[in-house]
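Below is one structure; the comments refer to it alone.
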Amino acid sequence: MQKKLSHIDESGNATMVDVSQKTASVRTAIASGTIQFPSEVFKSLSDQDFVGKKGSIVQTAVIAGIQGVKKTSELIPLCHQINLSKINIDITPSVNAFQITCTVKCNEKTGVEMEALTGVSVAALTIYDMCKALSQDIVIDTIQLEQKTGGKNDFQR
């Protein structure tokens, strides 16, 4: 059976998926991403405990990521507005990079993959914004869904 795009109707027009007949269930999604720095920039940030002129880089990015998750339906036109149960953003330093993970949970008729991906994206963009004065050679990389549960299909990378 060939899969089809869920947000395109038979005429090729964009459409929001009708979830009215679905049953609400607990749904979770985990997304991840990386933001890489030139080694001298990351060392400088690390030496300052990741606090820049605008404040704590990590804590600001966590708050921004949470805010991004909550605004997903306003940013992605065909996403449903849903009630979220839990959002967790984890930002961990690694070798010349931050690893970002966003976990989102709800009890709804549709999943939260886009919310988790948006959380990672907004957190990474916030880190870039806070650090761009040091270098424009900062790379946001490999934003991807790691896991989703609930709904028709579960997924694990």
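Each chain in the structure tokens gets a letter, A, B and so on, in the order shown; residues start at 1 in every chain, and ligands are counted from 1 in the order they appear.
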
Could the residues of segment 23-97 of chain A that have an atom at most 8 Å from segment 13-16 of chain A be listed as JSON lines, each with its closest atom pair and the distance in Å to one decimal, counting only C-alpha atoms and ordered by chain and ascending residue number?
{"residue": "A:Leu78", "atom": "CA", "partner": "A:Met16", "partner_atom": "CA", "distance": 5.1}
{"residue": "A:Cys79", "atom": "CA", "partner": "A:Met16", "partner_atom": "CA", "distance": 7.3}
{"residue": "A:His80", "atom": "CA", "partner": "A:Met16", "partner_atom": "CA", "distance": 7.9}

Which residues, written as a PDB file with C-alpha atoms, in the first residue's frame, have at least one atom at most 10 Å from Ile143 of chain A, with only C-alpha atoms counted and residues fewer than 6 positions away on the same chain left out?
ATOM      1  CA  ALA A  31      13.406  15.193  18.970  1.00  0.00           C
ATOM      2  CA  SER A  32      17.087  16.064  18.987  1.00  0.00           C
ATOM      3  CA  GLY A  33      19.540  18.381  17.322  1.00  0.00           C
ATOM      4  CA  THR A  34      23.074  19.695  17.573  1.00  0.00           C
ATOM      5  CA  ILE A  35      24.608  23.143  17.425  1.00  0.00           C
ATOM      6  CA  ILE A 100      19.585  19.490  22.388  1.00  0.00           C
ATOM      7  CA  THR A 101      16.737  17.101  23.212  1.00  0.00           C
ATOM      8  CA  LEU A 117      10.986  19.352  16.487  1.00  0.00           C
ATOM      9  CA  THR A 118      10.002  23.011  16.933  1.00  0.00           C
ATOM     10  CA  VAL A 120      14.721  21.789  19.379  1.00  0.00           C
ATOM     11  CA  SER A 121      14.780  24.261  16.488  1.00  0.00           C
ATOM     12  CA  ALA A 124      19.134  25.982  18.721  1.00  0.00           C
TER      13      ALA A 124
END

Proximity of segment 29-83 of chain A to segment 125-129 of chain A: per-residue shortest pair, 8 Å limit, only C-alpha atoms, as CSV:
residue,atom,partner,partner_atom,distance
A:Ile35,CA,A:Tyr128,CA,7.9
A:Ile57,CA,A:Ile127,CA,6.2
A:Val58,CA,A:Ile127,CA,7.4
A:Thr60,CA,A:Thr126,CA,7.5
A:Ala61,CA,A:Thr126,CA,5.4
A:Ala64,CA,A:Thr126,CA,6.8

Write a file of the selected residues as a PDB file, in the first residue's frame, keeping N, CA and C atoms.
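Contents of part_37.pdb, as written:
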ATOM      1  N   ILE A  35      24.075  21.865  17.879  1.00  0.00           N
ATOM      2  CA  ILE A  35      24.608  23.143  17.425  1.00  0.00           C
ATOM      3  C   ILE A  35      26.112  23.115  17.680  1.00  0.00           C
ATOM      4  N   ILE A  57      23.165  31.221  28.516  1.00  0.00           N
ATOM      5  CA  ILE A  57      22.851  30.738  27.176  1.00  0.00           C
ATOM      6  C   ILE A  57      21.936  29.520  27.254  1.00  0.00           C
ATOM      7  N   VAL A  58      22.266  28.577  28.105  1.00  0.00           N
ATOM      8  CA  VAL A  58      21.494  27.340  28.197  1.00  0.00           C
ATOM      9  C   VAL A  58      20.090  27.604  28.740  1.00  0.00           C
ATOM     10  N   THR A  60      18.334  30.365  28.836  1.00  0.00           N
ATOM     11  CA  THR A  60      17.552  31.163  27.886  1.00  0.00           C
ATOM     12  C   THR A  60      17.043  30.282  26.749  1.00  0.00           C
ATOM     13  N   ALA A  61      17.894  29.384  26.258  1.00  0.00           N
ATOM     14  CA  ALA A  61      17.498  28.485  25.173  1.00  0.00           C
ATOM     15  C   ALA A  61      16.433  27.492  25.632  1.00  0.00           C
ATOM     16  N   ALA A  64      13.197  29.448  25.702  1.00  0.00           N
ATOM     17  CA  ALA A  64      12.777  29.707  24.320  1.00  0.00           C
ATOM     18  C   ALA A  64      12.244  28.441  23.653  1.00  0.00           C
TER      19      ALA A  64
END

Exercise for the section: Determine which residues of chain A receive a DSSP assignment of strand (DSSP E or B), computed from the backbone, and state them as a ChimeraX atom specification. Expected result: /A:8,14,25-36,51-52,55-56,84-94,97-108,139-149,155-156

Exercise for the section: Can you work out the spacing between atom CA of Ile87 of chain A and atom CA of Val104 of chain A in Å, to one decimal? Expected result: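 Interatomic distance, atom CA of Ile87 of chain A to atom CA of Val104 of chain A: 4.6 Å.
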
Exercise for the section: Name the residues in contact with Gln147 of chain A at a cut-off of 9 Å, using only C-alpha atoms, excluding same-chain residues fewer than 5 positions from it; report them as a VMD selection string. Expected result: chain A and resid 28 to 31 113 154 to 157

Would you put the residues from that selection into a file with all heavy atoms, as a tab-separated table (two decimals), in the first residue's frame?
chain	number	residue	atom	x	y	z
A	28	THR	N	3.64	10.85	22.99
A	28	THR	CA	4.92	11.49	23.31
A	28	THR	C	5.77	11.57	22.05
A	28	THR	O	5.61	10.78	21.12
A	28	THR	CB	5.72	10.70	24.37
A	28	THR	OG1	5.99	9.39	23.87
A	28	THR	CG2	4.95	10.60	25.68
A	29	ALA	N	6.65	12.54	22.04
A	29	ALA	CA	7.63	12.64	20.96
A	29	ALA	C	8.93	13.17	21.55
A	29	ALA	O	8.92	14.02	22.45
A	29	ALA	CB	7.13	13.56	19.85
A	30	ILE	N	10.02	12.66	21.03
A	30	ILE	CA	11.35	13.14	21.41
A	30	ILE	C	12.08	13.51	20.13
A	30	ILE	O	12.15	12.72	19.19
A	30	ILE	CB	12.15	12.05	22.17
A	30	ILE	CG1	11.40	11.63	23.44
A	30	ILE	CG2	13.55	12.56	22.51
A	30	ILE	CD1	11.99	10.41	24.13
A	31	ALA	N	12.61	14.73	20.10
A	31	ALA	CA	13.41	15.19	18.97
A	31	ALA	C	14.76	15.63	19.49
A	31	ALA	O	14.93	15.94	20.67
A	31	ALA	CB	12.71	16.35	18.26
A	113	GLU	N	4.93	15.35	17.38
A	113	GLU	CA	6.23	15.33	16.72
A	113	GLU	C	6.67	16.73	16.30
A	113	GLU	O	7.82	17.13	16.51
A	113	GLU	CB	6.23	14.45	15.47
A	113	GLU	CG	5.86	13.02	15.73
A	113	GLU	CD	4.40	12.74	15.41
A	113	GLU	OE1	3.52	13.23	16.15
A	113	GLU	OE2	4.14	12.03	14.44
A	154	ASP	N	3.98	3.71	16.35
A	154	ASP	CA	5.11	4.17	17.16
A	154	ASP	C	6.35	4.20	16.27
A	154	ASP	O	6.40	3.56	15.24
A	154	ASP	CB	5.35	3.22	18.34
A	154	ASP	CG	4.27	3.33	19.41
A	154	ASP	OD1	3.44	4.25	19.34
A	154	ASP	OD2	4.28	2.49	20.32
A	155	PHE	N	7.33	5.01	16.69
A	155	PHE	CA	8.56	5.15	15.92
A	155	PHE	C	9.73	5.25	16.88
A	155	PHE	O	9.63	5.93	17.91
A	155	PHE	CB	8.50	6.43	15.05
A	155	PHE	CG	9.81	6.77	14.37
A	155	PHE	CD1	10.19	6.16	13.20
A	155	PHE	CD2	10.66	7.72	14.94
A	155	PHE	CE1	11.39	6.47	12.58
A	155	PHE	CE2	11.87	8.04	14.33
A	155	PHE	CZ	12.24	7.42	13.16
A	156	GLN	N	10.81	4.60	16.55
A	156	GLN	CA	12.06	4.68	17.32
A	156	GLN	C	13.21	4.71	16.33
A	156	GLN	O	13.32	3.83	15.50
A	156	GLN	CB	12.20	3.47	18.25
A	156	GLN	CG	13.48	3.42	19.05
A	156	GLN	CD	13.50	4.40	20.21
A	156	GLN	OE1	12.54	4.50	20.96
A	156	GLN	NE2	14.59	5.13	20.38
A	157	ARG	N	14.05	5.74	16.39
A	157	ARG	CA	15.21	5.82	15.50
A	157	ARG	C	16.26	4.84	15.96
A	157	ARG	O	16.54	4.62	17.06
A	157	ARG	CB	15.76	7.24	15.46
A	157	ARG	CG	16.89	7.39	14.44
A	157	ARG	CD	17.23	8.82	14.14
A	157	ARG	NE	16.11	9.63	13.70
A	157	ARG	CZ	15.61	9.60	12.44
A	157	ARG	NH1	16.09	8.80	11.54
A	157	ARG	NH2	14.58	10.37	12.14

Handout entry: DSSP helix (DSSP H, G or I) residues within segment 21-153 of chain A, as a ChimeraX atom specification
Key = /A:39-47,57-70,72-75,113-131

Practice task
May I have the residues within 9 Å of Gly52 of chain A as a count of residues only, using only C-alpha atoms and disregarding those fewer than 6 positions away in the same chain?
Solution key: 3

Quick one: which segment 63-109 of chain A residues come within 10 Å of segment 150-153 of chain A, and what is the nearest atom pair for each with the distance in Å to one decimal, counting only C-alpha atoms, rows ordered by chain and ascending number, as CSV?
residue,atom,partner,partner_atom,distance
A:Lys105,CA,A:Gly150,CA,9.9
A:Cys106,CA,A:Gly150,CA,9.7
A:Asn107,CA,A:Gly150,CA,9.2
A:Glu108,CA,A:Gly151,CA,9.2
A:Lys109,CA,A:Gly151,CA,7.7

Would you write out those residues with C-alpha atoms, as a compact mmCIF listing (two decimals), in the first residue's frame?
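So out-v3.txt came out as:
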# COMPACT_ATOMS: atom_id res chain seq x y z
CA LYS A 105 3.77 14.74 25.99
CA CYS A 106 0.01 15.17 25.63
CA ASN A 107 -3.28 13.28 25.87
CA GLU A 108 -4.83 14.22 22.54
CA LYS A 109 -6.15 13.01 19.18
